[in-house]
Structures are given as C-alpha cells and as structure tokens.
$ cat upload.tsv   # TSV, N, CA and C atoms
chain	number	residue	atom	x	y	z
T	1	MET	N	89.04	99.57	93.73
T	1	MET	CA	90.42	99.20	93.95
T	1	MET	C	90.89	98.41	92.74
T	2	LEU	N	92.04	98.77	92.24
T	2	LEU	CA	92.63	98.11	91.09
T	2	LEU	C	93.23	96.78	91.52
T	3	ASN	N	92.87	95.72	90.83
T	3	ASN	CA	93.38	94.40	91.14
T	3	ASN	C	94.66	94.18	90.35
T	4	ASP	N	95.77	94.69	90.86
T	4	ASP	CA	97.06	94.61	90.19
T	4	ASP	C	97.61	93.19	90.34
T	5	PRO	N	97.71	92.43	89.24
T	5	PRO	CA	98.18	91.05	89.32
T	5	PRO	C	99.60	90.94	89.88
T	6	ALA	N	100.44	91.93	89.65
T	6	ALA	CA	101.82	91.88	90.16
T	6	ALA	C	101.82	91.95	91.69
T	7	VAL	N	100.98	92.82	92.25
T	7	VAL	CA	100.89	92.95	93.70
T	7	VAL	C	100.31	91.68	94.30
T	8	VAL	N	99.26	91.15	93.68
T	8	VAL	CA	98.65	89.91	94.17
T	8	VAL	C	99.67	88.79	94.17
T	9	ALA	N	100.43	88.68	93.10
T	9	ALA	CA	101.45	87.61	93.01
T	9	ALA	C	102.53	87.80	94.07
T	10	LEU	N	103.00	89.03	94.26
T	10	LEU	CA	104.04	89.29	95.27
T	10	LEU	C	103.54	88.97	96.67
T	11	VAL	N	102.34	89.40	96.98
T	11	VAL	CA	101.79	89.14	98.32
T	11	VAL	C	101.62	87.64	98.53
T	12	THR	N	101.11	86.95	97.52
T	12	THR	CA	100.91	85.50	97.62
T	12	THR	C	102.25	84.80	97.84
T	13	ARG	N	103.25	85.19	97.09
T	13	ARG	CA	104.57	84.58	97.25
T	13	ARG	C	105.18	84.92	98.61
T	14	ALA	N	105.01	86.17	99.06
T	14	ALA	CA	105.54	86.56	100.36
T	14	ALA	C	104.86	85.79	101.48
T	15	LYS	N	103.55	85.57	101.35
T	15	LYS	CA	102.82	84.78	102.35
T	15	LYS	C	103.38	83.37	102.46
T	16	SER	N	103.86	82.84	101.35
T	16	SER	CA	104.39	81.47	101.36
T	16	SER	C	105.86	81.43	101.77
T	17	GLY	N	106.41	82.58	102.15
T	17	GLY	CA	107.77	82.62	102.66
T	17	GLY	C	108.85	82.96	101.65
T	18	ASP	N	108.48	83.45	100.49
T	18	ASP	CA	109.44	83.80	99.44
T	18	ASP	C	110.12	85.13	99.80
T	19	GLN	N	111.38	85.05	100.20
T	19	GLN	CA	112.13	86.24	100.64
T	19	GLN	C	112.28	87.25	99.51
T	20	SER	N	112.49	86.79	98.29
T	20	SER	CA	112.65	87.74	97.17
T	20	SER	C	111.36	88.52	96.92
T	21	ALA	N	110.21	87.88	97.13
T	21	ALA	CA	108.93	88.58	96.98
T	21	ALA	C	108.78	89.64	98.06
T	22	TRP	N	109.17	89.28	99.29
T	22	TRP	CA	109.12	90.25	100.39
T	22	TRP	C	110.02	91.45	100.09
T	23	ASP	N	111.24	91.16	99.65
T	23	ASP	CA	112.18	92.23	99.32
T	23	ASP	C	111.63	93.14	98.24
T	24	GLU	N	110.96	92.55	97.26
T	24	GLU	CA	110.39	93.34	96.17
T	24	GLU	C	109.23	94.20	96.67
T	25	LEU	N	108.42	93.66	97.58
T	25	LEU	CA	107.33	94.47	98.16
T	25	LEU	C	107.90	95.68	98.90
T	26	VAL	N	108.92	95.44	99.70
T	26	VAL	CA	109.53	96.54	100.45
T	26	VAL	C	110.12	97.57	99.49
T	27	GLU	N	110.83	97.11	98.49
T	27	GLU	CA	111.44	98.04	97.53
T	27	GLU	C	110.37	98.83	96.78
T	28	ARG	N	109.29	98.17	96.44
T	28	ARG	CA	108.23	98.80	95.67
T	28	ARG	C	107.46	99.84	96.48
T	29	TYR	N	107.22	99.55	97.76
T	29	TYR	CA	106.35	100.41	98.56
T	29	TYR	C	107.07	101.26	99.61
T	30	ALA	N	108.36	101.12	99.75
T	30	ALA	CA	109.09	101.98	100.69
T	30	ALA	C	108.93	103.46	100.35
T	31	PRO	N	108.94	103.84	99.06
T	31	PRO	CA	108.72	105.27	98.76
T	31	PRO	C	107.35	105.78	99.23
T	32	LEU	N	106.34	104.94	99.19
T	32	LEU	CA	105.02	105.34	99.69
T	32	LEU	C	105.09	105.62	101.19
T	33	VAL	N	105.69	104.70	101.94
T	33	VAL	CA	105.83	104.88	103.39
T	33	VAL	C	106.62	106.15	103.68
T	34	TRP	N	107.73	106.32	102.97
T	34	TRP	CA	108.60	107.48	103.18
T	34	TRP	C	107.85	108.79	102.87
T	35	SER	N	107.09	108.81	101.79
T	35	SER	CA	106.40	110.04	101.40
T	35	SER	C	105.36	110.44	102.44
T	36	ILE	N	104.71	109.47	103.05
T	36	ILE	CA	103.73	109.78	104.09
T	36	ILE	C	104.45	110.35	105.31
T	37	CYS	N	105.58	109.78	105.66
T	37	CYS	CA	106.37	110.33	106.77
T	37	CYS	C	106.78	111.77	106.48
T	38	CYS	N	107.13	112.04	105.24
T	38	CYS	CA	107.50	113.42	104.84
T	38	CYS	C	106.32	114.37	105.02
T	39	ARG	N	105.13	113.92	104.67
T	39	ARG	CA	103.95	114.77	104.82
T	39	ARG	C	103.68	115.12	106.27
T	40	TYR	N	104.02	114.20	107.17
T	40	TYR	CA	103.86	114.46	108.60
T	40	TYR	C	105.07	115.18	109.19
T	41	ARG	N	106.04	115.46	108.34
T	41	ARG	CA	107.24	116.20	108.72
T	41	ARG	C	107.98	115.57	109.89
T	42	LEU	N	108.08	114.25	109.86
T	42	LEU	CA	108.82	113.55	110.90
T	42	LEU	C	110.31	113.74	110.69
T	43	ARG	N	111.04	113.75	111.78
T	43	ARG	CA	112.50	113.78	111.69
T	43	ARG	C	112.96	112.43	111.16
T	44	ARG	N	114.16	112.40	110.65
T	44	ARG	CA	114.69	111.17	110.02
T	44	ARG	C	114.62	109.96	110.96
T	45	PRO	N	115.06	110.07	112.22
T	45	PRO	CA	114.97	108.90	113.11
T	45	PRO	C	113.53	108.45	113.36
T	46	GLU	N	112.61	109.42	113.45
T	46	GLU	CA	111.20	109.08	113.64
T	46	GLU	C	110.65	108.37	112.41
T	47	ALA	N	111.00	108.88	111.22
T	47	ALA	CA	110.54	108.25	109.98
T	47	ALA	C	111.09	106.83	109.87
T	48	ASP	N	112.33	106.64	110.28
T	48	ASP	CA	112.91	105.30	110.27
T	48	ASP	C	112.13	104.37	111.21
T	49	ASP	N	111.77	104.88	112.39
T	49	ASP	CA	110.99	104.09	113.34
T	49	ASP	C	109.62	103.73	112.76
T	50	VAL	N	108.99	104.70	112.12
T	50	VAL	CA	107.69	104.44	111.49
T	50	VAL	C	107.83	103.34	110.44
T	51	GLY	N	108.83	103.46	109.59
T	51	GLY	CA	109.04	102.45	108.56
T	51	GLY	C	109.23	101.06	109.15
T	52	GLN	N	110.05	100.96	110.18
T	52	GLN	CA	110.27	99.66	110.82
T	52	GLN	C	108.97	99.11	111.40
T	53	SER	N	108.20	99.97	112.04
T	53	SER	CA	106.93	99.53	112.63
T	53	SER	C	105.95	99.07	111.56
T	54	VAL	N	105.88	99.80	110.47
T	54	VAL	CA	104.95	99.45	109.39
T	54	VAL	C	105.32	98.09	108.79
T	55	TRP	N	106.60	97.88	108.51
T	55	TRP	CA	107.01	96.61	107.90
T	55	TRP	C	106.84	95.46	108.89
T	56	LEU	N	107.08	95.72	110.17
T	56	LEU	CA	106.86	94.68	111.18
T	56	LEU	C	105.38	94.32	111.26
T	57	ARG	N	104.53	95.32	111.24
T	57	ARG	CA	103.09	95.05	111.27
T	57	ARG	C	102.66	94.26	110.05
T	58	LEU	N	103.25	94.57	108.91
T	58	LEU	CA	102.90	93.81	107.71
T	58	LEU	C	103.31	92.35	107.84
T	59	VAL	N	104.49	92.11	108.39
T	59	VAL	CA	104.92	90.72	108.61
T	59	VAL	C	103.91	90.01	109.50
T	60	GLU	N	103.48	90.70	110.56
T	60	GLU	CA	102.54	90.10	111.50
T	60	GLU	C	101.16	89.90	110.89
T	61	GLN	N	100.77	90.76	109.97
T	61	GLN	CA	99.40	90.74	109.42
T	61	GLN	C	99.29	90.18	108.01
T	62	LEU	N	100.40	89.80	107.42
T	62	LEU	CA	100.39	89.37	106.02
T	62	LEU	C	99.41	88.23	105.78
T	63	GLU	N	99.39	87.26	106.66
T	63	GLU	CA	98.48	86.12	106.50
T	63	GLU	C	97.02	86.55	106.59
T	64	ALA	N	96.74	87.58	107.36
T	64	ALA	CA	95.36	88.03	107.56
T	64	ALA	C	94.89	88.98	106.46
T	65	LEU	N	95.79	89.40	105.59
T	65	LEU	CA	95.42	90.33	104.52
T	65	LEU	C	94.49	89.61	103.55
T	66	ARG	N	93.21	89.99	103.59
T	66	ARG	CA	92.20	89.29	102.80
T	66	ARG	C	92.30	89.57	101.31
T	67	GLU	N	92.60	90.81	100.98
T	67	GLU	CA	92.65	91.22	99.58
T	67	GLU	C	94.06	91.73	99.26
T	68	PRO	N	94.89	90.91	98.63
T	68	PRO	CA	96.26	91.31	98.35
T	68	PRO	C	96.38	92.62	97.57
T	69	ALA	N	95.44	92.89	96.69
T	69	ALA	CA	95.49	94.13	95.91
T	69	ALA	C	95.29	95.36	96.78
T	70	ALA	N	94.79	95.17	98.01
T	70	ALA	CA	94.57	96.29	98.93
T	70	ALA	C	95.84	96.69	99.68
T	71	LEU	N	96.94	96.02	99.41
T	71	LEU	CA	98.17	96.28	100.15
T	71	LEU	C	98.59	97.75	100.13
T	72	PRO	N	98.59	98.45	99.00
T	72	PRO	CA	99.01	99.87	99.04
T	72	PRO	C	98.16	100.70	100.00
T	73	GLY	N	96.86	100.49	99.99
T	73	GLY	CA	95.98	101.22	100.90
T	73	GLY	C	96.24	100.85	102.35
T	74	TRP	N	96.47	99.56	102.60
T	74	TRP	CA	96.78	99.10	103.96
T	74	TRP	C	98.06	99.76	104.45
T	75	LEU	N	99.07	99.80	103.59
T	75	LEU	CA	100.34	100.42	103.97
T	75	LEU	C	100.16	101.91	104.24
T	76	ALA	N	99.40	102.59	103.40
T	76	ALA	CA	99.19	104.03	103.58
T	76	ALA	C	98.46	104.31	104.89
T	77	THR	N	97.41	103.56	105.17
T	77	THR	CA	96.65	103.76	106.40
T	77	THR	C	97.50	103.45	107.63
T	78	THR	N	98.22	102.34	107.59
T	78	THR	CA	99.06	101.94	108.71
T	78	THR	C	100.16	102.97	108.94
T	79	THR	N	100.75	103.48	107.87
T	79	THR	CA	101.80	104.49	108.00
T	79	THR	C	101.25	105.77	108.60
T	80	GLN	N	100.09	106.22	108.15
T	80	GLN	CA	99.49	107.43	108.70
T	80	GLN	C	99.22	107.27	110.19
T	81	ARG	N	98.67	106.14	110.58
T	81	ARG	CA	98.38	105.91	112.00
T	81	ARG	C	99.66	105.86	112.83
T	82	GLU	N	100.69	105.26	112.27
T	82	GLU	CA	101.96	105.18	112.99
T	82	GLU	C	102.61	106.55	113.11
T	83	CYS	N	102.51	107.37	112.08
T	83	CYS	CA	103.03	108.74	112.15
T	83	CYS	C	102.32	109.52	113.25
T	84	LEU	N	101.01	109.40	113.31
T	84	LEU	CA	100.26	110.09	114.36
T	84	LEU	C	100.62	109.56	115.74
T	85	ARG	N	100.85	108.26	115.85
T	85	ARG	CA	101.25	107.68	117.12
T	85	ARG	C	102.59	108.25	117.57
T	86	ILE	N	103.54	108.32	116.64
T	86	ILE	CA	104.87	108.87	116.96
T	86	ILE	C	104.75	110.32	117.42
T	87	LEU	N	103.96	111.11	116.72
T	87	LEU	CA	103.79	112.51	117.11
T	87	LEU	C	103.16	112.61	118.50
T	88	ARG	N	102.20	111.74	118.78
T	88	ARG	CA	101.54	111.75	120.08
T	88	ARG	C	102.51	111.33	121.19
T	89	VAL	N	103.27	110.27	120.95
T	89	VAL	CA	104.21	109.76	121.95
T	89	VAL	C	105.31	110.77	122.25
T	90	THR	N	105.79	111.45	121.23
T	90	THR	CA	106.87	112.41	121.43
T	90	THR	C	106.35	113.75	121.95
T	91	GLY	N	105.01	113.87	122.01
T	91	GLY	CA	104.43	115.10	122.53
T	91	GLY	C	104.48	116.25	121.55
T	92	ARG	N	104.80	115.95	120.31
T	92	ARG	CA	104.88	117.01	119.30
T	92	ARG	C	103.52	117.19	118.66
T	93	ARG	N	103.08	118.42	118.63
T	93	ARG	CA	101.82	118.72	117.97
T	93	ARG	C	102.07	119.56	116.72
T	94	GLU	N	103.28	120.04	116.59
T	94	GLU	CA	103.58	120.95	115.49
T	94	GLU	C	104.09	120.23	114.25
T	95	GLY	N	103.95	118.90	114.20
T	95	GLY	CA	104.52	118.11	113.11
T	95	GLY	C	104.33	118.70	111.73
T	96	ALA	N	103.13	119.11	111.41
T	96	ALA	CA	102.88	119.61	110.05
T	96	ALA	C	103.33	121.05	109.86
T	97	GLU	N	103.59	121.78	110.96
T	97	GLU	CA	103.94	123.18	110.82
T	97	GLU	C	105.44	123.46	110.70
T	98	ARG	N	106.26	122.56	111.19
T	98	ARG	CA	107.69	122.85	111.18
T	98	ARG	C	108.31	122.43	109.84
T	99	PRO	N	109.42	123.04	109.45
T	99	PRO	CA	110.03	122.73	108.16
T	99	PRO	C	110.63	121.33	108.15
T	100	LEU	N	110.75	120.80	106.95
T	100	LEU	CA	111.39	119.50	106.78
T	100	LEU	C	112.85	119.57	107.20
T	101	ASP	N	113.34	118.52	107.84
T	101	ASP	CA	114.76	118.48	108.17
T	101	ASP	C	115.40	117.22	107.61
T	102	PHE	N	114.85	116.74	106.52
T	102	PHE	CA	115.39	115.56	105.85
T	102	PHE	C	116.56	115.96	104.97
T	103	ASP	N	117.43	115.00	104.71
T	103	ASP	CA	118.53	115.22	103.77
T	103	ASP	C	117.99	115.46	102.37
T	104	LEU	N	116.90	114.76	102.03
T	104	LEU	CA	116.32	114.87	100.70
T	104	LEU	C	114.89	115.37	100.83
T	105	ALA	N	114.60	116.50	100.24
T	105	ALA	CA	113.24	116.99	100.22
T	105	ALA	C	112.50	116.31	99.07
T	106	ALA	N	111.19	116.33	99.14
T	106	ALA	CA	110.39	115.73	98.06
T	106	ALA	C	110.67	116.49	96.77
T	107	ASP	N	110.90	115.75	95.71
T	107	ASP	CA	111.15	116.38	94.42
T	107	ASP	C	110.03	116.01	93.45
T	108	GLU	N	110.17	116.44	92.22
T	108	GLU	CA	109.13	116.21	91.23
T	108	GLU	C	108.89	114.72	91.00
T	109	SER	N	109.95	113.89	90.99
T	109	SER	CA	109.77	112.46	90.75
T	109	SER	C	109.02	111.81	91.91
T	110	THR	N	109.26	112.28	93.14
T	110	THR	CA	108.54	111.74	94.29
T	110	THR	C	107.06	112.08	94.18
T	111	THR	N	106.76	113.30	93.78
T	111	THR	CA	105.37	113.70	93.61
T	111	THR	C	104.70	112.86	92.55
T	112	MET	N	105.38	112.61	91.44
T	112	MET	CA	104.80	111.79	90.38
T	112	MET	C	104.57	110.37	90.88
T	113	LEU	N	105.51	109.83	91.66
T	113	LEU	CA	105.36	108.49	92.22
T	113	LEU	C	104.15	108.44	93.14
T	114	ASP	N	103.99	109.46	94.00
T	114	ASP	CA	102.84	109.53	94.89
T	114	ASP	C	101.54	109.52	94.09
T	115	GLN	N	101.50	110.31	93.03
T	115	GLN	CA	100.29	110.40	92.22
T	115	GLN	C	100.00	109.05	91.55
T	116	GLU	N	101.03	108.38	91.07
T	116	GLU	CA	100.85	107.08	90.43
T	116	GLU	C	100.35	106.04	91.43
T	117	LEU	N	100.91	106.06	92.65
T	117	LEU	CA	100.47	105.12	93.68
T	117	LEU	C	99.01	105.38	94.06
T	118	ILE	N	98.63	106.64	94.16
T	118	ILE	CA	97.25	106.98	94.49
T	118	ILE	C	96.32	106.49	93.38
T	119	ARG	N	96.72	106.71	92.12
T	119	ARG	CA	95.90	106.23	91.00
T	119	ARG	C	95.76	104.72	91.03
T	120	SER	N	96.85	104.02	91.31
T	120	SER	CA	96.79	102.56	91.32
T	120	SER	C	95.94	102.05	92.49
T	121	GLU	N	95.93	102.78	93.62
T	121	GLU	CA	95.10	102.38	94.76
T	121	GLU	C	93.62	102.52	94.42
T	122	ARG	N	93.30	103.55	93.66
T	122	ARG	CA	91.90	103.79	93.31
T	122	ARG	C	91.47	102.80	92.25
$ encode --input "upload.tsv" --output "structure tokens"
Amino acid sequence: MLNDPAVVALVTRAKSGDQSAWDELVERYAPLVWSICCRYRLRRPEADDVGQSVWLRLVEQLEALREPAALPGWLATTTQRECLRILRVTGRREGAERPLDFDLAADESTTMLDQELIRSER
C-alpha cells in the first residue's frame, strides 16, 4: 500500500474536525465511489444511496481507521459491499447484465482515473 502523505494529512485533519479536509476527501474520492456504482450498474437513485451510505460509514468509522493511507481501499471495499446490499435489498440479481441508465456513461478520463486510483492503492 502506498503511503500517500496527502491522504494521511487529509484523514488526520478530518479526524480532528477540519471541514475543508473532509470536503477535499469527498471531492477526491467521490469518482472512485461513483465508478464502482457504475460497475454494478446501479440506477442513479441507488448509486446516490450507496454514496450517502459510504460517506456516512466513513464519518462513523473515521476515528477507527488505523492506517490513513488505506482509505482508498476502505472506500472501494465499503462501496462494493453497499452496492451488493442494495442489489440484494431491491431483489435485483441482474445488476451487472442490464445496460447503464446513467446520464453520463464512463468515458476515457473515468477509466484513466480508475486506473490511477488502483495504482495508488497498490
């Protein structure tokens, strides 16, 4: 895991109640959460619910996060689990088989961002 000093600093500041650090974390990692929702082919309202749940869980768990540099991986895992929970609750099993119904489909820049986030997590 890459020990990104910027992520460590943001998490540390957010833990101490710095709203601007929290806002920056959300801005920085919202595309990661969104891209995972896209992979699970969630509808827009479902993806919004997943995002809200993920950020709420982070607020609740921020103090317990032992390794701040692990935040991207924590977000990815939590988002995947929440996507699966939403699919299970709604009774949908075809999530990955149906076409995307988002206003914006994944484009080349989103793919590059995903690849960069994966590299930084490793």
$ atom_distance --input "upload.tsv" --atom1 "atom C of Glu46 (chain T)" --atom2 "atom N of Glu24 (chain T)"
21.9 Å
$ atom_distance --input "upload.tsv" --atom1 "atom C of Leu56 (chain T)" --atom2 "CA of Trp22 (chain T)"
12.2 Å
$ closest_residue --input "upload.tsv" --among "T:Val89, T:Leu75, T:Leu84, T:Ala9" --to "Leu32 (chain T)" --atoms "only N, CA and C atoms"
T:Leu75
$ atom_distance --input "upload.tsv" --atom1 "CA of Gly73 (chain T)" --atom2 "CA of Gly91 (chain T)"
27.1 Å
$ closest_residue --input "upload.tsv" --among "T:Ala64, T:Ser35, T:Glu82, T:Asp23" --to "Val50 (chain T)" --atoms "all atoms listed in the file"
T:Glu82
$ residues_around --input "upload.tsv" --residues "Ala6 (chain T)" --least-positions-apart "6" --cutoff "12 Å" --atoms "only C-alpha atoms" --output "mmCIF file with N, CA and C atoms, in the frame of the given file"
data_model
loop_
_atom_site.group_PDB
_atom_site.id
_atom_site.type_symbol
_atom_site.label_atom_id
_atom_site.label_comp_id
_atom_site.auth_asym_id
_atom_site.auth_seq_id
_atom_site.Cartn_x
_atom_site.Cartn_y
_atom_site.Cartn_z
ATOM 1 N N THR T 12 101.110 86.950 97.520
ATOM 2 C CA THR T 12 100.910 85.500 97.620
ATOM 3 C C THR T 12 102.250 84.800 97.840
ATOM 4 N N ARG T 13 103.250 85.190 97.090
ATOM 5 C CA ARG T 13 104.570 84.580 97.250
ATOM 6 C C ARG T 13 105.180 84.920 98.610
ATOM 7 N N ALA T 21 110.210 87.880 97.130
ATOM 8 C CA ALA T 21 108.930 88.580 96.980
ATOM 9 C C ALA T 21 108.780 89.640 98.060
ATOM 10 N N GLU T 24 110.960 92.550 97.260
ATOM 11 C CA GLU T 24 110.390 93.340 96.170
ATOM 12 C C GLU T 24 109.230 94.200 96.670
ATOM 13 N N LEU T 25 108.420 93.660 97.580
ATOM 14 C CA LEU T 25 107.330 94.470 98.160
ATOM 15 C C LEU T 25 107.900 95.680 98.900
ATOM 16 N N ARG T 28 109.290 98.170 96.440
ATOM 17 C CA ARG T 28 108.230 98.800 95.670
ATOM 18 C C ARG T 28 107.460 99.840 96.480
ATOM 19 N N PRO T 68 94.890 90.910 98.630
ATOM 20 C CA PRO T 68 96.260 91.310 98.350
ATOM 21 C C PRO T 68 96.380 92.620 97.570
ATOM 22 N N ALA T 69 95.440 92.890 96.690
ATOM 23 C CA ALA T 69 95.490 94.130 95.910
ATOM 24 C C ALA T 69 95.290 95.360 96.780
ATOM 25 N N LEU T 71 96.940 96.020 99.410
ATOM 26 C CA LEU T 71 98.170 96.280 100.150
ATOM 27 C C LEU T 71 98.590 97.750 100.130
ATOM 28 N N SER T 120 96.850 104.020 91.310
ATOM 29 C CA SER T 120 96.790 102.560 91.320
ATOM 30 C C SER T 120 95.940 102.050 92.490
#
$ closest_residue --input "upload.tsv" --among "T:Ala14, T:Val7, T:Ala70, T:Cys83" --to "Ser53 (chain T)" --atoms "only C-alpha atoms"
T:Cys83
$ closest_residue --input "upload.tsv" --among "T:Asp18, T:Asp48, T:Asp4, T:Glu27" --to "Glu67 (chain T)" --atoms "only C-alpha atoms"
T:Asp4
$ build_atoms --input "upload.tsv" --residues "region 3-13 of chain T" --atoms "all heavy atoms" --output "PDB file, keeping the file's coordinate frame"
ATOM      1  N   ASN T   3      92.870  95.720  90.830  1.00  0.00           N
ATOM      2  CA  ASN T   3      93.380  94.400  91.140  1.00  0.00           C
ATOM      3  C   ASN T   3      94.660  94.180  90.350  1.00  0.00           C
ATOM      4  O   ASN T   3      94.636  93.569  89.278  1.00  0.00           O
ATOM      5  CB  ASN T   3      92.333  93.335  90.844  1.00  0.00           C
ATOM      6  CG  ASN T   3      92.687  92.010  91.471  1.00  0.00           C
ATOM      7  OD1 ASN T   3      93.619  91.911  92.252  1.00  0.00           O
ATOM      8  ND2 ASN T   3      91.930  91.004  91.126  1.00  0.00           N
ATOM      9  N   ASP T   4      95.770  94.690  90.860  1.00  0.00           N
ATOM     10  CA  ASP T   4      97.060  94.610  90.190  1.00  0.00           C
ATOM     11  C   ASP T   4      97.610  93.190  90.340  1.00  0.00           C
ATOM     12  O   ASP T   4      97.970  92.776  91.447  1.00  0.00           O
ATOM     13  CB  ASP T   4      98.017  95.624  90.804  1.00  0.00           C
ATOM     14  CG  ASP T   4      99.362  95.690  90.100  1.00  0.00           C
ATOM     15  OD1 ASP T   4      99.657  94.812  89.276  1.00  0.00           O
ATOM     16  OD2 ASP T   4     100.121  96.626  90.405  1.00  0.00           O
ATOM     17  N   PRO T   5      97.710  92.430  89.240  1.00  0.00           N
ATOM     18  CA  PRO T   5      98.180  91.050  89.320  1.00  0.00           C
ATOM     19  C   PRO T   5      99.600  90.940  89.880  1.00  0.00           C
ATOM     20  O   PRO T   5      99.917  89.963  90.559  1.00  0.00           O
ATOM     21  CB  PRO T   5      98.141  90.554  87.872  1.00  0.00           C
ATOM     22  CG  PRO T   5      97.338  91.537  87.117  1.00  0.00           C
ATOM     23  CD  PRO T   5      97.335  92.817  87.879  1.00  0.00           C
ATOM     24  N   ALA T   6     100.440  91.930  89.650  1.00  0.00           N
ATOM     25  CA  ALA T   6     101.820  91.880  90.160  1.00  0.00           C
ATOM     26  C   ALA T   6     101.820  91.950  91.690  1.00  0.00           C
ATOM     27  O   ALA T   6     102.553  91.212  92.352  1.00  0.00           O
ATOM     28  CB  ALA T   6     102.643  93.020  89.579  1.00  0.00           C
ATOM     29  N   VAL T   7     100.980  92.820  92.250  1.00  0.00           N
ATOM     30  CA  VAL T   7     100.890  92.950  93.700  1.00  0.00           C
ATOM     31  C   VAL T   7     100.310  91.680  94.300  1.00  0.00           C
ATOM     32  O   VAL T   7     100.832  91.156  95.300  1.00  0.00           O
ATOM     33  CB  VAL T   7     100.036  94.176  94.120  1.00  0.00           C
ATOM     34  CG1 VAL T   7      99.832  94.213  95.618  1.00  0.00           C
ATOM     35  CG2 VAL T   7     100.677  95.449  93.635  1.00  0.00           C
ATOM     36  N   VAL T   8      99.260  91.150  93.680  1.00  0.00           N
ATOM     37  CA  VAL T   8      98.650  89.910  94.170  1.00  0.00           C
ATOM     38  C   VAL T   8      99.670  88.790  94.170  1.00  0.00           C
ATOM     39  O   VAL T   8      99.794  88.047  95.152  1.00  0.00           O
ATOM     40  CB  VAL T   8      97.411  89.544  93.309  1.00  0.00           C
ATOM     41  CG1 VAL T   8      96.877  88.177  93.696  1.00  0.00           C
ATOM     42  CG2 VAL T   8      96.329  90.618  93.454  1.00  0.00           C
ATOM     43  N   ALA T   9     100.430  88.680  93.100  1.00  0.00           N
ATOM     44  CA  ALA T   9     101.450  87.610  93.010  1.00  0.00           C
ATOM     45  C   ALA T   9     102.530  87.800  94.070  1.00  0.00           C
ATOM     46  O   ALA T   9     102.956  86.830  94.718  1.00  0.00           O
ATOM     47  CB  ALA T   9     102.060  87.589  91.618  1.00  0.00           C
ATOM     48  N   LEU T  10     103.000  89.030  94.260  1.00  0.00           N
ATOM     49  CA  LEU T  10     104.040  89.290  95.270  1.00  0.00           C
ATOM     50  C   LEU T  10     103.540  88.970  96.670  1.00  0.00           C
ATOM     51  O   LEU T  10     104.254  88.340  97.456  1.00  0.00           O
ATOM     52  CB  LEU T  10     104.498  90.747  95.199  1.00  0.00           C
ATOM     53  CG  LEU T  10     105.418  91.120  94.043  1.00  0.00           C
ATOM     54  CD1 LEU T  10     105.629  92.633  94.001  1.00  0.00           C
ATOM     55  CD2 LEU T  10     106.737  90.395  94.148  1.00  0.00           C
ATOM     56  N   VAL T  11     102.340  89.400  96.980  1.00  0.00           N
ATOM     57  CA  VAL T  11     101.790  89.140  98.320  1.00  0.00           C
ATOM     58  C   VAL T  11     101.620  87.640  98.530  1.00  0.00           C
ATOM     59  O   VAL T  11     101.971  87.104  99.587  1.00  0.00           O
ATOM     60  CB  VAL T  11     100.453  89.893  98.533  1.00  0.00           C
ATOM     61  CG1 VAL T  11      99.758  89.438  99.808  1.00  0.00           C
ATOM     62  CG2 VAL T  11     100.687  91.396  98.560  1.00  0.00           C
ATOM     63  N   THR T  12     101.110  86.950  97.520  1.00  0.00           N
ATOM     64  CA  THR T  12     100.910  85.500  97.620  1.00  0.00           C
ATOM     65  C   THR T  12     102.250  84.800  97.840  1.00  0.00           C
ATOM     66  O   THR T  12     102.357  83.915  98.699  1.00  0.00           O
ATOM     67  CB  THR T  12     100.217  84.973  96.349  1.00  0.00           C
ATOM     68  OG1 THR T  12      98.962  85.665  96.191  1.00  0.00           O
ATOM     69  CG2 THR T  12      99.966  83.486  96.444  1.00  0.00           C
ATOM     70  N   ARG T  13     103.250  85.190  97.090  1.00  0.00           N
ATOM     71  CA  ARG T  13     104.570  84.580  97.250  1.00  0.00           C
ATOM     72  C   ARG T  13     105.180  84.920  98.610  1.00  0.00           C
ATOM     73  O   ARG T  13     105.783  84.059  99.253  1.00  0.00           O
ATOM     74  CB  ARG T  13     105.502  85.037  96.119  1.00  0.00           C
ATOM     75  CG  ARG T  13     105.151  84.404  94.774  1.00  0.00           C
ATOM     76  CD  ARG T  13     106.015  84.884  93.619  1.00  0.00           C
ATOM     77  NE  ARG T  13     107.381  85.196  93.956  1.00  0.00           N
ATOM     78  CZ  ARG T  13     108.057  86.228  93.449  1.00  0.00           C
ATOM     79  NH1 ARG T  13     107.497  87.049  92.593  1.00  0.00           N
ATOM     80  NH2 ARG T  13     109.312  86.435  93.801  1.00  0.00           N
TER      81      ARG T  13
END
